[in-house]
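Asks: Below is the file coords24.tsv, with TSV, C-alpha atoms and all ligand atoms.
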```tsv
chain	number	residue	atom	x	y	z
A	1	MET	CA	106.58	75.87	136.26
A	2	ILE	CA	106.88	78.54	133.61
A	3	ASP	CA	108.80	77.53	130.55
A	4	ARG	CA	111.36	80.30	129.99
A	5	ARG	CA	113.05	78.61	127.08
A	6	PRO	CA	113.14	81.08	124.17
A	7	ARG	CA	110.69	80.26	121.44
A	8	ARG	CA	111.92	79.66	117.93
A	9	PHE	CA	109.94	82.67	116.74
A	10	PRO	CA	109.84	85.55	119.28
A	11	GLU	CA	106.62	86.76	117.64
A	12	LEU	CA	103.64	84.78	116.48
A	13	VAL	CA	103.91	83.67	112.85
A	14	PRO	CA	100.38	84.15	111.51
A	15	MET	CA	98.64	81.47	109.45
A	16	VAL	CA	97.43	84.03	106.92
A	17	ARG	CA	97.71	87.73	106.22
A	18	PRO	CA	95.94	89.62	103.44
A	19	THR	CA	98.39	91.12	100.97
A	20	VAL	CA	97.17	94.71	100.59
A	21	GLU	CA	99.34	97.38	99.04
A	22	ALA	CA	98.28	100.54	100.85
A	23	ASP	CA	100.10	102.88	98.49
A	24	ALA	CA	99.47	106.47	97.42
A	25	GLU	CA	97.10	105.37	94.65
A	26	MET	CA	94.99	103.47	97.19
A	27	GLU	CA	94.96	106.41	99.59
A	28	LEU	CA	93.81	108.77	96.88
A	29	ALA	CA	91.08	106.47	95.63
A	30	VAL	CA	89.68	105.81	99.11
A	31	LYS	CA	89.55	109.54	99.77
A	32	GLU	CA	87.87	110.19	96.45
A	33	ILE	CA	85.27	107.47	97.10
A	34	LEU	CA	84.50	108.78	100.56
A	35	GLN	CA	84.03	112.29	99.19
A	36	SER	CA	82.00	111.20	96.15
A	37	GLY	CA	78.85	110.22	98.01
A	38	MET	CA	78.81	106.98	95.97
A	39	LEU	CA	79.76	104.40	98.57
A	40	THR	CA	78.41	101.16	97.20
A	41	ASN	CA	77.86	99.31	93.91
A	42	GLY	CA	79.14	102.09	91.66
A	43	ARG	CA	81.92	102.79	89.22
A	44	TYR	CA	84.70	100.82	90.97
A	45	VAL	CA	82.57	97.74	91.50
A	46	ARG	CA	81.77	97.82	87.76
A	47	GLU	CA	85.46	98.30	86.94
A	48	PHE	CA	86.39	95.38	89.16
A	49	GLU	CA	83.77	93.13	87.55
A	50	GLU	CA	85.12	93.97	84.09
A	51	ALA	CA	88.76	93.50	85.08
A	52	ALA	CA	88.01	90.20	86.83
A	53	SER	CA	85.98	88.73	83.97
A	54	ALA	CA	88.76	89.69	81.53
A	55	TYR	CA	91.41	88.17	83.78
A	56	LEU	CA	89.48	84.92	84.20
A	57	GLY	CA	88.22	84.67	80.63
A	58	VAL	CA	84.54	84.44	81.53
A	59	ASP	CA	81.59	86.39	80.09
A	60	HIS	CA	80.07	87.74	83.31
A	61	ALA	CA	81.32	88.57	86.78
A	62	VAL	CA	78.89	89.74	89.45
A	63	ALA	CA	80.49	91.21	92.58
A	64	VAL	CA	78.75	90.52	95.88
A	65	SER	CA	79.30	91.18	99.56
A	66	ASN	CA	80.85	87.77	100.27
A	67	CYS	CA	81.04	84.23	98.92
A	68	THR	CA	78.41	82.78	101.27
A	69	THR	CA	75.87	85.32	100.02
A	70	GLY	CA	76.98	84.67	96.43
A	71	LEU	CA	76.34	80.95	96.81
A	72	MET	CA	72.94	81.61	98.42
A	73	LEU	CA	71.98	83.90	95.54
A	74	VAL	CA	73.12	81.43	92.87
A	75	PHE	CA	71.02	78.64	94.37
A	76	ARG	CA	68.04	80.94	94.87
A	77	CYS	CA	68.26	82.10	91.24
A	78	LEU	CA	68.51	78.53	89.90
A	79	GLU	CA	65.09	77.87	91.49
A	80	LEU	CA	65.75	74.22	92.28
A	81	THR	CA	64.18	72.04	94.90
A	82	GLY	CA	65.67	69.04	96.63
A	83	ASP	CA	69.03	67.85	97.84
A	84	VAL	CA	72.39	69.13	96.68
A	85	VAL	CA	75.48	66.90	96.66
A	86	VAL	CA	78.44	68.58	98.36
A	87	PRO	CA	81.73	67.34	99.83
A	88	SER	CA	81.81	67.06	103.61
A	89	PHE	CA	85.51	67.95	103.53
A	90	THR	CA	85.02	71.70	103.03
A	91	PHE	CA	84.49	74.92	104.96
A	92	MET	CA	81.15	75.23	106.75
A	93	ALA	CA	79.93	78.04	104.45
A	94	SER	CA	79.54	75.58	101.53
A	95	GLY	CA	76.86	73.74	103.50
A	96	HIS	CA	75.39	76.84	105.14
A	97	ALA	CA	74.65	78.49	101.78
A	98	LEU	CA	72.69	75.41	100.68
A	99	ARG	CA	70.72	75.39	103.92
A	100	TRP	CA	69.85	79.10	103.60
A	101	ALA	CA	68.73	78.49	100.02
A	102	GLY	CA	66.39	75.80	101.34
A	103	HIS	CA	68.18	72.69	100.13
A	104	GLY	CA	68.68	69.32	101.72
A	105	ILE	CA	72.22	68.01	101.72
A	106	ARG	CA	73.90	64.81	100.54
A	107	PHE	CA	77.50	64.61	101.73
A	108	ALA	CA	79.94	62.92	99.36
A	109	ASP	CA	83.47	61.71	100.00
A	110	SER	CA	86.67	63.21	98.66
A	111	ASP	CA	89.64	61.81	96.79
A	112	PRO	CA	92.48	60.69	99.09
A	113	ARG	CA	95.16	62.27	96.92
A	114	THR	CA	93.68	65.52	95.59
A	115	TRP	CA	91.38	66.04	98.63
A	116	THR	CA	88.68	67.34	96.26
A	117	LEU	CA	85.20	65.93	95.61
A	118	ASP	CA	85.49	62.36	94.24
A	119	PRO	CA	83.35	61.97	91.06
A	120	GLU	CA	82.99	58.25	91.76
A	121	ALA	CA	81.60	58.95	95.22
A	122	VAL	CA	79.21	61.50	93.73
A	123	ALA	CA	77.71	59.23	91.05
A	124	PRO	CA	75.62	56.99	93.34
A	125	LEU	CA	74.22	60.07	95.14
A	126	LEU	CA	72.90	61.72	91.98
A	127	PRO	CA	69.52	60.02	91.42
A	128	GLY	CA	66.92	62.55	92.55
A	129	ALA	CA	69.50	65.20	93.45
A	130	ALA	CA	68.89	68.83	92.41
A	131	ALA	CA	72.50	69.90	91.81
A	132	VAL	CA	76.14	69.36	92.71
A	133	LEU	CA	78.24	71.92	94.57
A	134	ALA	CA	81.94	71.09	94.11
A	135	VAL	CA	84.85	72.77	95.89
A	136	HIS	CA	88.39	73.60	94.72
A	137	THR	CA	89.91	72.52	98.00
A	138	PHE	CA	92.84	74.74	99.07
A	139	GLY	CA	92.98	75.97	95.46
A	140	VAL	CA	93.43	72.63	93.69
A	141	PRO	CA	90.80	72.52	90.93
A	142	CYS	CA	88.38	69.68	91.50
A	143	ASP	CA	87.87	66.97	88.89
A	144	ALA	CA	85.41	69.10	86.90
A	145	ASP	CA	85.03	67.14	83.65
A	146	PRO	CA	83.63	63.85	85.03
A	147	LEU	CA	81.43	65.83	87.44
A	148	GLN	CA	80.10	67.90	84.52
A	149	GLU	CA	79.40	64.72	82.52
A	150	SER	CA	77.46	63.14	85.37
A	151	CYS	CA	75.47	66.33	85.93
A	152	ASP	CA	74.75	66.69	82.19
A	153	SER	CA	73.54	63.12	81.94
A	154	ARG	CA	70.98	63.90	84.65
A	155	GLY	CA	70.22	67.41	83.44
A	156	ILE	CA	71.20	69.04	86.73
A	157	PRO	CA	73.48	72.02	87.28
A	158	LEU	CA	77.05	71.90	88.56
A	159	VAL	CA	78.08	74.88	90.70
A	160	PHE	CA	81.53	75.52	92.11
A	161	ASP	CA	82.39	76.91	95.51
A	162	SER	CA	85.57	78.55	94.22
A	163	ALA	CA	86.30	80.40	97.46
A	164	HIS	CA	89.89	79.10	97.38
A	165	GLY	CA	90.39	79.19	93.65
A	166	PHE	CA	91.16	82.72	92.51
A	167	GLY	CA	94.28	82.27	90.37
A	168	SER	CA	93.89	78.50	89.91
A	169	ARG	CA	93.84	76.82	86.51
A	170	TYR	CA	92.08	73.70	85.28
A	171	PRO	CA	94.16	71.00	83.56
A	172	ASP	CA	92.86	72.18	80.14
A	173	GLY	CA	94.48	75.58	80.75
A	174	SER	CA	91.28	77.54	81.42
A	175	MET	CA	91.03	79.52	84.63
A	176	VAL	CA	88.95	78.41	87.58
A	177	GLY	CA	85.90	80.64	87.25
A	178	THR	CA	84.95	79.51	83.75
A	179	LYS	CA	83.14	76.20	84.29
A	180	GLY	CA	79.77	74.92	85.49
A	181	VAL	CA	76.68	77.14	85.54
A	182	ALA	CA	78.48	79.42	87.96
A	183	GLU	CA	81.58	79.64	90.13
A	184	VAL	CA	81.66	81.69	93.32
A	185	PHE	CA	84.88	83.18	94.73
A	186	SER	CA	85.53	84.55	98.20
A	187	LEU	CA	87.50	87.78	98.51
A	188	SER	CA	87.69	87.75	102.31
A	189	PRO	CA	91.03	88.49	104.03
A	190	THR	CA	92.15	84.84	104.17
A	191	LYS	CA	91.75	84.23	100.45
A	192	THR	CA	94.26	84.79	97.62
A	193	LEU	CA	92.68	88.03	96.36
A	194	SER	CA	91.03	90.18	99.01
A	195	THR	CA	88.69	93.14	98.94
A	196	GLY	CA	88.31	93.17	102.74
A	197	GLU	CA	85.01	91.34	102.51
A	198	GLY	CA	83.68	90.35	99.15
A	199	GLY	CA	82.65	87.67	96.72
A	200	LEU	CA	82.54	87.24	92.96
A	201	ILE	CA	80.13	85.12	90.96
A	202	THR	CA	81.29	84.19	87.46
A	203	THR	CA	79.14	82.68	84.73
A	204	ASN	CA	78.84	82.41	80.95
A	205	ASP	CA	75.03	82.49	81.25
A	206	ALA	CA	73.79	86.03	80.49
A	207	ALA	CA	70.31	85.42	81.86
A	208	LEU	CA	71.66	84.06	85.13
A	209	ALA	CA	74.05	87.02	85.45
A	210	ALA	CA	71.18	89.48	84.95
A	211	LYS	CA	69.08	87.66	87.54
A	212	LEU	CA	71.98	87.67	90.01
A	213	ARG	CA	72.38	91.43	89.59
A	214	MET	CA	68.74	91.80	90.54
A	215	ALA	CA	69.10	89.28	93.36
A	216	ARG	CA	71.96	91.17	95.03
A	217	GLU	CA	69.68	94.23	95.01
A	218	TYR	CA	66.76	92.71	97.00
A	219	GLY	CA	65.27	91.28	93.78
A	220	ASN	CA	64.47	94.85	92.72
A	221	PRO	CA	65.18	95.53	89.02
A	222	GLY	CA	64.93	99.27	89.73
A	223	ASP	CA	61.17	99.86	89.64
A	224	TYR	CA	60.64	98.85	93.27
A	225	ASP	CA	58.40	95.97	92.23
A	226	SER	CA	60.60	93.17	93.61
A	227	ARG	CA	60.33	90.05	91.43
A	228	PHE	CA	61.49	87.66	94.14
A	229	ALA	CA	62.94	87.84	97.63
A	230	GLY	CA	66.56	88.75	96.98
A	231	LEU	CA	69.14	89.96	99.47
A	232	ASN	CA	71.30	92.96	99.99
A	233	GLY	CA	74.42	91.36	98.52
A	234	ARG	CA	76.13	94.49	97.26
A	235	MET	CA	79.87	95.16	97.27
A	236	THR	CA	81.08	98.52	98.55
A	237	GLU	CA	83.05	100.93	96.36
A	238	VAL	CA	86.14	100.75	98.59
A	239	SER	CA	86.09	96.97	98.17
A	240	GLY	CA	85.60	97.39	94.43
A	241	PHE	CA	88.66	99.60	94.23
A	242	MET	CA	90.67	97.19	96.39
A	243	GLY	CA	89.74	94.49	93.88
A	244	VAL	CA	90.89	96.53	90.86
A	245	HIS	CA	94.10	97.46	92.67
A	246	ALA	CA	94.87	93.91	93.82
A	247	LEU	CA	94.10	92.47	90.41
A	248	ASN	CA	96.70	94.74	88.78
A	249	ARG	CA	99.42	93.07	90.82
A	250	PHE	CA	97.82	89.67	91.24
A	251	SER	CA	100.08	87.78	88.81
A	252	HIS	CA	103.11	89.05	90.69
A	253	TRP	CA	101.83	88.01	94.12
A	254	ILE	CA	100.40	84.66	93.10
A	255	GLY	CA	103.79	83.81	91.56
A	256	ILE	CA	105.52	84.54	94.86
A	257	ARG	CA	102.89	82.59	96.76
A	258	ARG	CA	103.47	79.55	94.54
A	259	SER	CA	107.22	79.75	94.97
A	260	LEU	CA	106.81	79.91	98.78
A	261	ALA	CA	104.52	76.87	98.73
A	262	GLU	CA	106.96	74.99	96.51
A	263	ARG	CA	109.75	75.96	98.86
A	264	TYR	CA	107.83	74.30	101.72
A	265	ARG	CA	107.23	71.24	99.61
A	266	SER	CA	110.83	70.80	98.54
A	267	ARG	CA	112.23	71.46	102.02
A	268	LEU	CA	109.87	69.00	103.68
A	269	ASP	CA	110.17	66.48	100.89
A	270	GLY	CA	111.12	63.01	102.04
A	271	LEU	CA	110.10	63.43	105.69
A	272	PRO	CA	108.37	60.17	106.61
A	273	GLY	CA	104.67	60.45	107.34
A	274	LEU	CA	104.03	63.82	105.67
A	275	GLU	CA	101.96	63.96	102.52
A	276	PHE	CA	101.11	66.88	100.23
A	277	GLN	CA	98.08	67.51	98.09
A	278	THR	CA	98.32	66.05	94.59
A	279	ILE	CA	97.89	68.68	91.88
A	280	PRO	CA	96.41	67.10	88.75
A	281	GLU	CA	98.72	67.06	85.70
A	282	GLY	CA	98.49	70.38	83.84
A	283	ALA	CA	96.50	72.13	86.60
A	284	ALA	CA	97.71	75.01	88.77
A	285	THR	CA	96.64	75.73	92.32
A	286	SER	CA	96.31	79.17	93.89
A	287	TYR	CA	97.78	77.66	97.09
A	288	LYS	CA	95.08	79.33	99.14
A	289	ASP	CA	96.37	76.98	101.81
A	290	LEU	CA	99.35	74.73	102.12
A	291	GLY	CA	97.97	71.61	103.72
A	292	ILE	CA	99.92	68.60	104.90
A	293	ARG	CA	98.56	65.28	105.94
A	294	VAL	CA	100.23	63.76	108.99
A	295	ASP	CA	100.39	59.97	109.17
A	296	ALA	CA	100.86	59.60	112.94
A	297	THR	CA	102.43	56.15	112.76
A	298	ARG	CA	105.08	57.08	110.26
A	299	PHE	CA	105.66	60.65	111.47
A	300	GLY	CA	105.94	59.49	115.08
A	301	MET	CA	103.38	61.97	116.41
A	302	THR	CA	99.78	62.88	115.70
A	303	ARG	CA	98.56	65.92	113.81
A	304	ASP	CA	97.34	67.43	117.08
A	305	GLU	CA	100.73	66.88	118.74
A	306	LEU	CA	102.51	68.49	115.79
A	307	ALA	CA	100.15	71.50	115.95
A	308	GLU	CA	100.86	71.78	119.68
A	309	ARG	CA	104.64	71.61	119.18
A	310	LEU	CA	104.50	74.29	116.47
A	311	ALA	CA	102.28	76.49	118.66
A	312	GLN	CA	104.88	76.22	121.45
A	313	GLU	CA	107.37	77.81	119.05
A	314	ASN	CA	104.89	80.54	118.01
A	315	VAL	CA	103.92	79.02	114.67
A	316	SER	CA	100.18	79.22	113.98
A	317	THR	CA	98.48	76.40	112.13
A	318	ARG	CA	94.89	75.42	111.39
A	319	LYS	CA	93.25	72.05	111.33
A	320	TYR	CA	91.33	72.55	108.08
A	321	PHE	CA	88.72	71.05	107.87
A	322	SER	CA	88.27	69.51	111.28
A	323	PRO	CA	85.61	68.63	112.19
A	324	ALA	CA	84.30	67.88	108.71
A	325	LEU	CA	80.83	69.20	107.92
A	326	HIS	CA	78.97	65.95	108.62
A	327	GLN	CA	80.67	65.87	112.05
A	328	GLN	CA	79.51	69.39	113.00
A	329	THR	CA	76.56	70.03	115.31
A	330	ALA	CA	74.76	72.07	112.63
A	331	TYR	CA	74.66	69.05	110.31
A	332	ARG	CA	73.77	66.29	112.75
A	333	ASP	CA	70.32	65.95	111.19
A	334	VAL	CA	71.61	65.29	107.66
A	335	PRO	CA	70.83	61.69	106.69
A	336	ALA	CA	73.99	59.64	106.13
A	337	VAL	CA	73.61	58.56	102.51
A	338	ALA	CA	77.23	57.48	102.06
A	339	GLU	CA	80.23	56.38	104.06
A	340	LEU	CA	82.86	59.13	104.26
A	341	PRO	CA	86.07	57.30	105.17
A	342	VAL	CA	88.45	59.59	103.25
A	343	THR	CA	86.81	62.71	104.67
A	344	GLU	CA	87.14	61.39	108.21
A	345	GLU	CA	90.75	60.42	107.62
A	346	LEU	CA	91.58	63.85	106.18
A	347	ALA	CA	89.75	65.70	108.96
A	348	SER	CA	91.80	63.87	111.58
A	349	SER	CA	95.18	64.20	109.90
A	350	MET	CA	95.30	67.54	108.08
A	351	ILE	CA	97.17	70.61	109.18
A	352	THR	CA	97.73	73.83	107.24
A	353	LEU	CA	100.95	75.79	107.64
A	354	PRO	CA	101.48	79.57	107.59
A	355	LEU	CA	101.34	80.93	104.05
A	356	TYR	CA	100.66	84.37	102.68
A	357	SER	CA	101.91	86.06	99.57
A	358	HIS	CA	104.27	88.55	101.25
A	359	MET	CA	105.66	86.02	103.74
A	360	PRO	CA	109.49	86.13	103.96
A	361	ALA	CA	111.11	83.03	102.45
A	362	GLY	CA	113.40	82.83	105.49
A	363	VAL	CA	110.40	82.17	107.72
A	364	VAL	CA	109.38	79.25	105.49
A	365	ASP	CA	112.91	77.86	105.80
A	366	GLU	CA	112.88	78.15	109.59
A	367	ILE	CA	109.48	76.49	109.88
A	368	CYS	CA	110.72	73.63	107.70
A	369	ASP	CA	113.88	73.24	109.83
A	370	LEU	CA	111.68	73.19	112.92
A	371	ILE	CA	109.39	70.51	111.49
A	372	ARG	CA	112.43	68.43	110.53
A	373	GLU	CA	113.74	68.67	114.12
A	374	ILE	CA	110.34	67.76	115.55
A	375	SER	CA	110.16	64.80	113.19
A	376	ALA	CA	113.64	63.58	114.18
A	377	THR	CA	112.92	63.72	117.92
A	378	ALA	CA	109.45	62.20	117.47
A	379	ARG	CA	110.83	59.19	115.66
A	380	LYS	CA	113.66	58.74	118.16
A	381	ALA	CA	111.38	59.04	121.18
A	382	GLY	CA	108.33	57.21	119.91
A	383	GLY	CA	109.97	54.31	118.16
A	384	ARG	CA	106.77	54.26	116.15
A	385	ALA	CA	108.61	54.65	112.88
A	386	SER	CA	108.02	51.95	110.37
B	1	LIG	C1	85.93	81.20	102.96
B	1	LIG	C2	85.04	80.18	102.34
B	1	LIG	C3	83.70	80.47	102.05
B	1	LIG	C4	83.01	81.71	102.54
B	1	LIG	O1	83.51	82.86	101.99
B	1	LIG	P1	83.01	84.27	102.58
B	1	LIG	O2	83.47	85.24	101.56
B	1	LIG	O3	83.67	84.43	103.90
B	1	LIG	O4	81.53	84.20	102.69
B	1	LIG	C5	82.96	79.52	101.37
B	1	LIG	N1	83.49	78.33	101.02
B	1	LIG	C6	84.76	78.01	101.30
B	1	LIG	C7	85.29	76.69	100.87
B	1	LIG	C8	85.57	78.91	102.00
B	1	LIG	O5	86.82	78.58	102.35
```
Transcribe the structure of this file into structure tokens.
Ligand SMILES: *Cc1c(COP(=O)(O)O)cnc(C)c1O
Replies:
Amino acid sequence: MIDRRPRRFPELVPMVRPTVEADAEMELAVKEILQSGMLTNGRYVREFEEAASAYLGVDHAVAVSNCTTGLMLVFRCLELTGDVVVPSFTFMASGHALRWAGHGIRFADSDPRTWTLDPEAVAPLLPGAAAVLAVHTFGVPCDADPLQESCDSRGIPLVFDSAHGFGSRYPDGSMVGTKGVAEVFSLSPTKTLSTGEGGLITTNDAALAAKLRMAREYGNPGDYDSRFAGLNGRMTEVSGFMGVHALNRFSHWIGIRRSLAERYRSRLDGLPGLEFQTIPEGAATSYKDLGIRVDATRFGMTRDELAERLAQENVSTRKYFSPALHQQTAYRDVPAVAELPVTEELASSMITLPLYSHMPAGVVDEICDLIREISATARKAGGRAS
């Protein structure tokens, strides 16, 4: 039988939408770029790198074609051998970049409250490891200081997969993008600042920045005697301009994004069985994603059932990150060097709700009302409430 009951939202509410202001300035610049004959790695890419490094407060910013490539280039340029410690609760590209750079992988568990890499889970995995790759999960800065201390004590580099972290701040007030040997942002359409496709490597190490600039250009310093096997990791000029343009208005949009996320949090506050990500005292998240953890017993329904109910009403959600990396086919051969109970728990209970910077606040309100109704009926029907 076909269900003809009207859906709460007549049209699909997307999970994410890039916020791109296609104004007259953008139109003019794109036209000028197309007519200039300079389509890649030129003036606008340079301008974007300068604007981004100034915004973040870091010495060097190297624009690349995407974050995955950026991570591959960083690890290639560091010239390390051996295993890299990385959280399993992350997007697949964190692991893929390590594999492409020739590294073995040691999966570490995450913190049950912040959902970022747990420094205490990392410590026992460090002997013999080549580096640590930490992730600012959903925009919440990971616990960088203890990770940096452990890496320093072993003399190994700490790198950040900062794909989610453009606009985030560490508890000491510095921007995400300023720590470790390098941080690598994604500027793809689902991230907080988008250049269509794109990535940005930030570092305070001048020699590493110079090497990365060569690496994104096949390893060719300009004399066609390649010094090592680099990649084509260049950013296009249209993307470079999009970056400059988006950065001009970034503070405005990230402010709105935060207020939308806080609106979700306050309107869903107190619902039994729903838990939000803990933001460390003094830190700020970019809210790349608004994740909630569903405790099936207390909520009265599983994460999958909630996703299904929301989909029935035209609300898109994602089950980030399920399956976790160590549960994916591509990583079946990675030796299990640690138990990952928190990761497995998060992977089975996390759902991310629609959030993008130009999302109408009224839609947030309606989604929250809907979740409250679903919660009420689930608890009545299931009798599973504690
Ligand atoms: C999106 C994402 C990436 C990959 O970024 P691309 O720019 O698409 O290559 C890497 N790591 C994490 C955690 C991501 O979410």
Asks: Show me which residues sit within 8 Å of ligand LIG 1 (chain B) when counting only C-alpha atoms and all ligand atoms, and put them as a PyMOL selection string.
Replies: chain A and resi 65-70+90-94+135-138+161-164+185-188+190-191+197-199
Asks: Using only C-alpha atoms, what table do you get, as JSON lines, when you list each residue of region 217-292 of chain A with an atom no more than 12 Å from region 5-24 of chain A, its nearest pair of atoms, and their distance in Å rounded to one decimal, rows by chain then rising number?
Replies:
```
{"residue": "A:Ser239", "atom": "CA", "partner": "A:Val20", "partner_atom": "CA", "distance": 11.6}
{"residue": "A:Phe241", "atom": "CA", "partner": "A:Val20", "partner_atom": "CA", "distance": 11.7}
{"residue": "A:Met242", "atom": "CA", "partner": "A:Val20", "partner_atom": "CA", "distance": 8.1}
{"residue": "A:Gly243", "atom": "CA", "partner": "A:Val20", "partner_atom": "CA", "distance": 10.0}
{"residue": "A:Val244", "atom": "CA", "partner": "A:Val20", "partner_atom": "CA", "distance": 11.7}
{"residue": "A:His245", "atom": "CA", "partner": "A:Glu21", "partner_atom": "CA", "distance": 8.2}
{"residue": "A:Ala246", "atom": "CA", "partner": "A:Val20", "partner_atom": "CA", "distance": 7.2}
{"residue": "A:Leu247", "atom": "CA", "partner": "A:Val20", "partner_atom": "CA", "distance": 10.9}
{"residue": "A:Asn248", "atom": "CA", "partner": "A:Glu21", "partner_atom": "CA", "distance": 10.9}
{"residue": "A:Arg249", "atom": "CA", "partner": "A:Glu21", "partner_atom": "CA", "distance": 9.3}
{"residue": "A:Phe250", "atom": "CA", "partner": "A:Thr19", "partner_atom": "CA", "distance": 9.9}
{"residue": "A:His252", "atom": "CA", "partner": "A:Thr19", "partner_atom": "CA", "distance": 11.5}
{"residue": "A:Trp253", "atom": "CA", "partner": "A:Thr19", "partner_atom": "CA", "distance": 8.3}
{"residue": "A:Ile254", "atom": "CA", "partner": "A:Thr19", "partner_atom": "CA", "distance": 10.4}
{"residue": "A:Ile256", "atom": "CA", "partner": "A:Thr19", "partner_atom": "CA", "distance": 11.5}
{"residue": "A:Arg257", "atom": "CA", "partner": "A:Thr19", "partner_atom": "CA", "distance": 10.5}
{"residue": "A:Tyr287", "atom": "CA", "partner": "A:Val16", "partner_atom": "CA", "distance": 11.7}
{"residue": "A:Lys288", "atom": "CA", "partner": "A:Val16", "partner_atom": "CA", "distance": 9.4}
{"residue": "A:Asp289", "atom": "CA", "partner": "A:Val16", "partner_atom": "CA", "distance": 8.8}
{"residue": "A:Leu290", "atom": "CA", "partner": "A:Met15", "partner_atom": "CA", "distance": 10.0}
{"residue": "A:Gly291", "atom": "CA", "partner": "A:Met15", "partner_atom": "CA", "distance": 11.4}
```
Asks: Which one is closest to Leu200 (chain A): A:Tyr218, A:Tyr356, A:Phe89, A:Phe48? Count only C-alpha atoms.
Replies: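 So, comparing all the options, the nearest one is A:Phe48.
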Asks: Return the single residue from A:Ile105, A:Ala361, A:Glu217, A:Ala261 that is closest to Pro335 (chain A), with distances computed using only C-alpha atoms.
Replies: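 Using only C-alpha atoms, the shortest distance to Pro335 (chain A) belongs to A:Ile105.
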Asks: Taking all atoms listed in the file into account, which of A:Pro141, A:Asp295, A:Cys368, A:Asp59 comes nearest Arg265 (chain A)?
Replies: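 Among the listed residues, A:Cys368 lies closest to Arg265 (chain A).
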Asks: I'd like to know which of A:Ile371, A:Ala63, A:Val159, A:Ala283 is closest to Met175 (chain A), using only C-alpha atoms.
Replies: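 That would be A:Ala283, the residue with the smallest distance to Met175 (chain A).
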Asks: Which is closest to Glu50 (chain A) among A:Arg113, A:Val62, A:Ile292, A:Leu274, if we use all atoms listed in the file?
Replies: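 The answer is A:Val62, which sits nearest to Glu50 (chain A).
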Asks: So the first atom is CA of Thr195 (chain A) and the second is CA of Arg263 (chain A); what is the distance between them in Å, to one decimal place?
Replies: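 That distance, rounded to one decimal, is 27.2 Å.
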Asks: Report, in Å with one decimal, the straight-line distance from CA of Lys380 (chain A) to CA of Thr297 (chain A).
Replies: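 Interatomic distance, CA of Lys380 (chain A) to CA of Thr297 (chain A): 12.7 Å.
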Asks: Could you give me, as a PyMOL selection string, the residues within 10 Å of Asp369 (chain A), counting only C-alpha atoms and dropping anything in the same chain fewer than 6 positions from it?
Replies: chain A and resi 267-268+363+375
Asks: Using Å and a single decimal, report how far CA of Leu28 (chain A) sits from CA of Ser194 (chain A).
Replies: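 Computing it gives 18.9 Å between the two atoms.
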Asks: Write out as a PyMOL selection string which residues come within 12 Å of Ala378 (chain A) when counting all atoms listed in the file, dropping same-chain ones fewer than 2 positions away.
Replies: chain A and resi 271-273+296-302+305-306+309+371-376+380-385
Asks: Which residue is closest to Leu56 (chain A)? Choose from A:Glu183, A:Asp304, A:Asp83, A:Asp143 and count all atoms listed in the file.
Replies: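 Closest residue, counting all atoms listed in the file: A:Glu183.
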Asks: Could I get the residues of region 259-360 of chain A with an atom no further than 12 Å from an atom of region 118-124 of chain A, each paired with its nearest atom pair and that distance in Å to one decimal, using all atoms listed in the file, sorted by chain and residue number, as a tab-separated table?
Replies:
```
residue	atom	partner	partner_atom	distance
A:Val337	CA	A:Pro124	CA	9.5
A:Ala338	CA	A:Ala121	CA	8.2
A:Glu339	CA	A:Ala121	CA	9.3
A:Leu340	CA	A:Ala121	CA	9.1
A:Pro341	CA	A:Ala121	CA	11.0
A:Val342	CA	A:Asp118	CA	9.9
A:Thr343	CA	A:Asp118	CA	10.5
```
Asks: Give me the box for region 63-66 of chain A as AutoDock Vina command-line options, namely the centre and edge lengths in Å to one decimal of a box along x, y and z that holds every listed atom plus 5 Å on each side.
Replies:
```
--center_x 79.8 --center_y 89.5 --center_z 96.4 --size_x 12.1 --size_y 13.4 --size_z 17.7
```
Asks: Please provide as a ChimeraX atom specification all residues within 7 Å of Lys319 (chain A), with the sequence filter that same-chain residues fewer than 6 positions apart are discarded (counting all atoms listed in the file).
Replies: /A:350-352
